[in-house]
$ cat final07.cif   # mmCIF, C-alpha atoms
data_coords
loop_
_atom_site.label_atom_id
_atom_site.label_comp_id
_atom_site.auth_asym_id
_atom_site.auth_seq_id
_atom_site.Cartn_x
_atom_site.Cartn_y
_atom_site.Cartn_z
CA MET A 1 0.00 0.00 0.00
CA GLY A 2 1.33 3.40 -0.90
CA PRO A 3 1.35 6.59 1.11
CA ARG A 4 -1.96 8.19 1.94
CA THR A 5 -2.92 11.81 2.07
CA GLY A 6 -6.07 12.99 3.71
CA VAL A 7 -8.27 15.95 4.41
CA THR A 8 -10.61 15.62 7.35
CA SER A 9 -14.10 16.92 6.58
CA SER A 10 -15.84 15.48 9.63
CA LYS A 11 -15.12 13.14 12.53
CA ASP A 12 -15.94 9.96 10.58
CA VAL A 13 -15.17 10.80 6.94
CA LYS A 14 -11.88 11.59 5.21
CA ALA A 15 -11.12 12.26 1.55
CA VAL A 16 -8.18 10.05 0.65
CA ALA A 17 -6.10 10.20 -2.49
CA GLY A 18 -4.39 6.99 -3.53
CA GLY A 19 -5.74 4.80 -0.71
CA CYS A 20 -5.69 1.03 -1.25
CA GLY A 21 -2.89 1.37 -3.78
CA GLY A 22 -5.05 3.27 -6.28
CA GLY A 23 -6.84 0.27 -7.80
CA CYS A 24 -10.09 0.38 -5.87
CA GLY A 25 -12.63 1.79 -8.29
CA GLY A 26 -15.17 0.25 -10.59
CA GLY A 27 -15.75 1.12 -14.21
CA GLN A 28 -15.93 4.57 -15.70
CA GLY A 29 -18.54 6.74 -13.95
CA GLU A 30 -19.37 3.88 -11.61
CA ALA A 31 -19.16 4.16 -7.81
CA ARG A 32 -17.63 1.15 -6.09
CA MET A 33 -16.98 0.36 -2.45
CA ARG A 34 -13.70 -1.29 -1.56
CA SER A 35 -12.87 -2.61 1.90
CA CYS A 36 -9.22 -3.07 2.61
CA SER A 37 -7.21 -5.08 5.07
CA ASP A 38 -6.21 -1.91 6.90
CA GLY A 39 -9.70 -1.87 8.42
CA ASN A 40 -11.12 0.97 6.35
CA ILE A 41 -13.81 1.15 3.71
CA TYR A 42 -13.09 3.22 0.63
CA THR A 43 -15.74 4.57 -1.70
CA ARG A 44 -15.08 6.23 -5.05
CA GLY A 45 -17.27 9.16 -6.02
CA LEU A 46 -20.16 8.62 -3.58
CA VAL A 47 -19.88 11.46 -1.08
CA GLY A 48 -20.10 15.10 -2.16
CA LEU A 49 -16.99 16.42 -0.45
CA PRO A 50 -15.18 19.48 -1.73
CA SER A 51 -12.49 18.34 -4.14
CA THR A 52 -8.93 18.57 -2.84
CA SER A 53 -7.43 18.02 -6.29
CA SER A 54 -8.39 18.18 -9.92
CA SER A 55 -8.93 14.41 -9.94
CA SER A 56 -12.48 13.10 -9.65
CA SER A 57 -11.24 9.76 -8.34
CA SER A 58 -10.77 10.76 -4.69
CA LEU A 59 -11.68 8.09 -2.19
CA VAL A 60 -13.86 8.55 0.87
CA LEU A 61 -13.02 6.81 4.13
CA SER A 62 -15.77 5.95 6.59
CA ASN A 63 -16.07 4.05 9.85
CA PRO A 64 -19.39 2.14 10.04
CA LYS A 65 -21.13 0.98 13.24
CA SER A 66 -20.49 -2.56 14.45
CA VAL A 67 -22.36 -5.33 12.64
CA LEU A 68 -22.53 -7.55 15.74
CA LYS A 69 -25.96 -8.31 17.15
CA ARG A 70 -24.55 -8.52 20.70
CA PRO A 71 -21.16 -8.61 22.43
CA VAL A 72 -19.47 -12.02 22.53
CA SER A 73 -16.63 -13.02 24.88
CA THR A 74 -13.65 -15.23 24.02
CA GLU A 75 -14.85 -17.66 26.70
CA GLU A 76 -18.24 -17.96 24.98
CA LEU A 77 -16.56 -18.73 21.65
CA GLN A 78 -14.45 -21.48 23.24
CA GLU A 79 -17.25 -23.21 25.20
CA PRO A 80 -17.46 -26.91 24.24
CA GLY A 81 -20.80 -27.60 22.60
CA GLY A 82 -21.46 -23.87 22.18
CA PRO A 83 -23.44 -22.38 19.29
CA TYR A 84 -20.33 -21.57 17.21
CA ILE A 85 -18.65 -23.55 14.45
CA ARG A 86 -15.02 -23.21 13.37
CA LYS A 87 -14.01 -22.58 9.75
CA THR A 88 -10.63 -22.08 8.07
CA PHE A 89 -10.05 -19.90 5.00
CA THR A 90 -7.00 -19.47 2.80
CA ILE A 91 -7.16 -16.01 1.24
CA VAL A 92 -4.76 -14.83 -1.46
CA GLY A 93 -4.52 -11.04 -1.41
CA ASP A 94 -4.80 -9.09 -4.64
CA ALA A 95 -3.13 -5.80 -5.61
CA VAL A 96 -5.20 -3.82 -3.09
CA GLY A 97 -5.62 -6.21 -0.17
CA TRP A 98 -7.66 -9.16 0.98
CA GLY A 99 -11.14 -7.64 0.71
CA PHE A 100 -12.30 -7.64 4.33
CA VAL A 101 -12.37 -5.40 7.40
CA VAL A 102 -11.47 -6.57 10.92
CA ARG A 103 -12.90 -4.71 13.93
CA GLY A 104 -13.43 -5.33 17.61
CA ASN A 105 -11.42 -6.18 20.66
CA ARG A 106 -10.94 -9.59 22.29
CA PRO A 107 -12.33 -11.17 20.11
CA CYS A 108 -12.11 -9.38 16.78
CA HIS A 109 -14.80 -9.89 14.16
CA ILE A 110 -15.25 -9.44 10.43
CA GLN A 111 -16.99 -6.07 9.97
CA ALA A 112 -17.21 -6.01 6.17
CA VAL A 113 -16.41 -8.24 3.20
CA GLU A 114 -16.06 -6.87 -0.30
CA PRO A 115 -18.43 -8.67 -2.69
CA GLN A 116 -16.37 -10.64 -5.22
CA GLY A 117 -13.15 -9.80 -3.32
CA PRO A 118 -10.59 -12.43 -2.33
CA ALA A 119 -12.14 -12.99 1.14
CA ALA A 120 -15.67 -13.36 -0.22
CA LEU A 121 -14.50 -15.81 -2.85
CA ALA A 122 -12.87 -17.86 -0.06
CA GLY A 123 -16.18 -17.92 1.87
CA MET A 124 -15.63 -15.28 4.55
CA LYS A 125 -18.73 -13.50 5.88
CA VAL A 126 -19.55 -10.60 8.17
CA ARG A 127 -20.01 -11.35 11.90
CA GLN A 128 -17.42 -14.15 11.95
CA PHE A 129 -14.98 -14.03 14.87
CA VAL A 130 -11.24 -14.22 14.12
CA VAL A 131 -9.58 -17.09 16.02
CA SER A 132 -6.16 -17.29 14.34
CA VAL A 133 -4.08 -15.69 11.60
CA ASN A 134 -1.43 -17.89 9.94
CA GLY A 135 -1.55 -20.30 12.90
CA LEU A 136 -1.17 -17.61 15.58
CA SER A 137 -4.04 -17.34 18.08
CA VAL A 138 -5.52 -13.82 18.02
CA LEU A 139 -8.55 -14.27 20.31
CA ASP A 140 -7.03 -11.97 22.94
CA LEU A 141 -5.81 -9.25 20.54
CA ASP A 142 -7.42 -6.03 19.32
CA TYR A 143 -8.24 -5.35 15.66
CA ARG A 144 -5.23 -3.07 15.12
CA THR A 145 -2.83 -5.86 16.12
CA VAL A 146 -4.71 -8.44 14.04
CA SER A 147 -4.69 -6.09 11.02
CA TYR A 148 -0.94 -5.52 11.50
CA LEU A 149 -0.31 -9.29 11.53
CA ILE A 150 -2.22 -9.65 8.26
CA LEU A 151 -0.61 -6.63 6.58
CA THR A 152 2.96 -7.60 7.52
CA GLY A 153 2.55 -11.31 6.80
CA PRO A 154 2.62 -13.20 3.52
CA ARG A 155 0.26 -12.39 0.66
CA THR A 156 -1.57 -15.65 1.31
CA VAL A 157 -3.20 -15.58 4.74
CA VAL A 158 -4.75 -18.57 6.51
CA MET A 159 -7.51 -17.46 8.88
CA GLU A 160 -9.47 -19.53 11.32
CA VAL A 161 -12.83 -18.02 12.29
CA MET A 162 -15.90 -18.98 14.29
CA GLU A 163 -19.47 -18.19 13.29
CA GLU A 164 -22.86 -18.88 14.79
CA ALA A 165 -24.22 -22.25 13.73
CA GLU A 166 -27.38 -21.97 11.67
CA ASN A 167 -30.34 -23.70 13.31
#

$ encode --input "final07.cif" --output "C-alpha cells"
Amino acid sequence: MGPRTGVTSSKDVKAVAGGCGGGCGGGQGEARMRSCSDGNIYTRGLVGLPSTSSSSSSLVLSNPKSVLKRPVSTEELQEPGGPYIRKTFTIVGDAVGWGFVVRGNRPCHIQAVEPQGPAALAGMKVRQFVVSVNGLSVLDLDYRTVSYLILTGPRTVVMEVMEEAEN
C-alpha cells in the first residue's frame, strides 16, 4: 500500500487520495466500495466532499457501526458444545488487499467483506470471529494488532474463524 494523504471533513469521513494502492474503483462513472485489510472502507465518487485536487477519483473513508448483534466473549466462543462452528479460510490477497475489514477487541470480528473480493471468494462472511491468523491465536488481541499481523505477513493468509451455527 502506498502513502496516503487525507483531508478531514468530519469526525468519521476523510477524503483520501491513492488509498488502497489506487486500484479500488469500478468502471468509468461507476461508484464502487472497496474494503481493505487496513480496516477501512473506501468509496469512489459517492460522497459530495469538496475536491482537494483536480482528480475526480478521490476516495472517501468511513467508519461504520459494528455489525454484531450482541457482544461475545472469548470464553463464549471457546465453550465446548457452544453455538459456534469453526471454519478455516486461505485467502490470497490481490493488488489492493484481501477484501475484508477486521474490527473489535478480544475477540475481533469481520466487519465487512467486499463482494467478489478475495475474502468473499474464499467464503468469509460478516459477523465471523477471528480465532487465528497464519496459525497464531488472536482471540485476545485487538483489531489493530490483528490487522498488522495480516498486513505484515505473507500475501496468502490462513484465517481460522468462528461463526454462529445456523439452526

$ atom_distance --input "final07.cif" --atom1 "CA of Glu166 in chain A" --atom2 "CA of Val131 in chain A"
19.0 Å

$ resolve_selection --input "final07.cif" --expression "the PyMOL selection byres ((chain A and resi 142) around 9)" --output "number ranges by chain"
A: 103-108, 138-141, 143-147

$ residues_around --input "final07.cif" --residues "Lys87 in chain A" --least-positions-apart "3" --cutoff "8 Å" --atoms "only C-alpha atoms" --output "ChimeraX atom specification"
/A:160-163

$ resolve_selection --input "final07.cif" --expression "the PyMOL selection byres ((chain A and resi 133) around 7)" --output "list in words"
Ser132, Asn134, Gly135, Leu136, Ser137, Val138, Val157, Val158, Met159 and Glu160 of chain A

$ resolve_selection --input "final07.cif" --expression "the PyMOL selection byres ((chain A and resi 128) around 9)" --output "VMD selection string"
chain A and resid 108 to 111 124 to 127 129 to 130 161 to 164

$ residues_around --input "final07.cif" --residues "Val113 in chain A" --least-positions-apart "5" --cutoff "7 Å" --atoms "all atoms listed in the file" --output "JSON, numbers by chain"
{"A": [35, 99, 100, 101, 119, 120, 125, 126]}

$ atom_distance --input "final07.cif" --atom1 "CA of Ala165 in chain A" --atom2 "CA of Ala122 in chain A"
18.4 Å

$ atom_distance --input "final07.cif" --atom1 "CA of Ala95 in chain A" --atom2 "CA of Thr156 in chain A"
12.1 Å
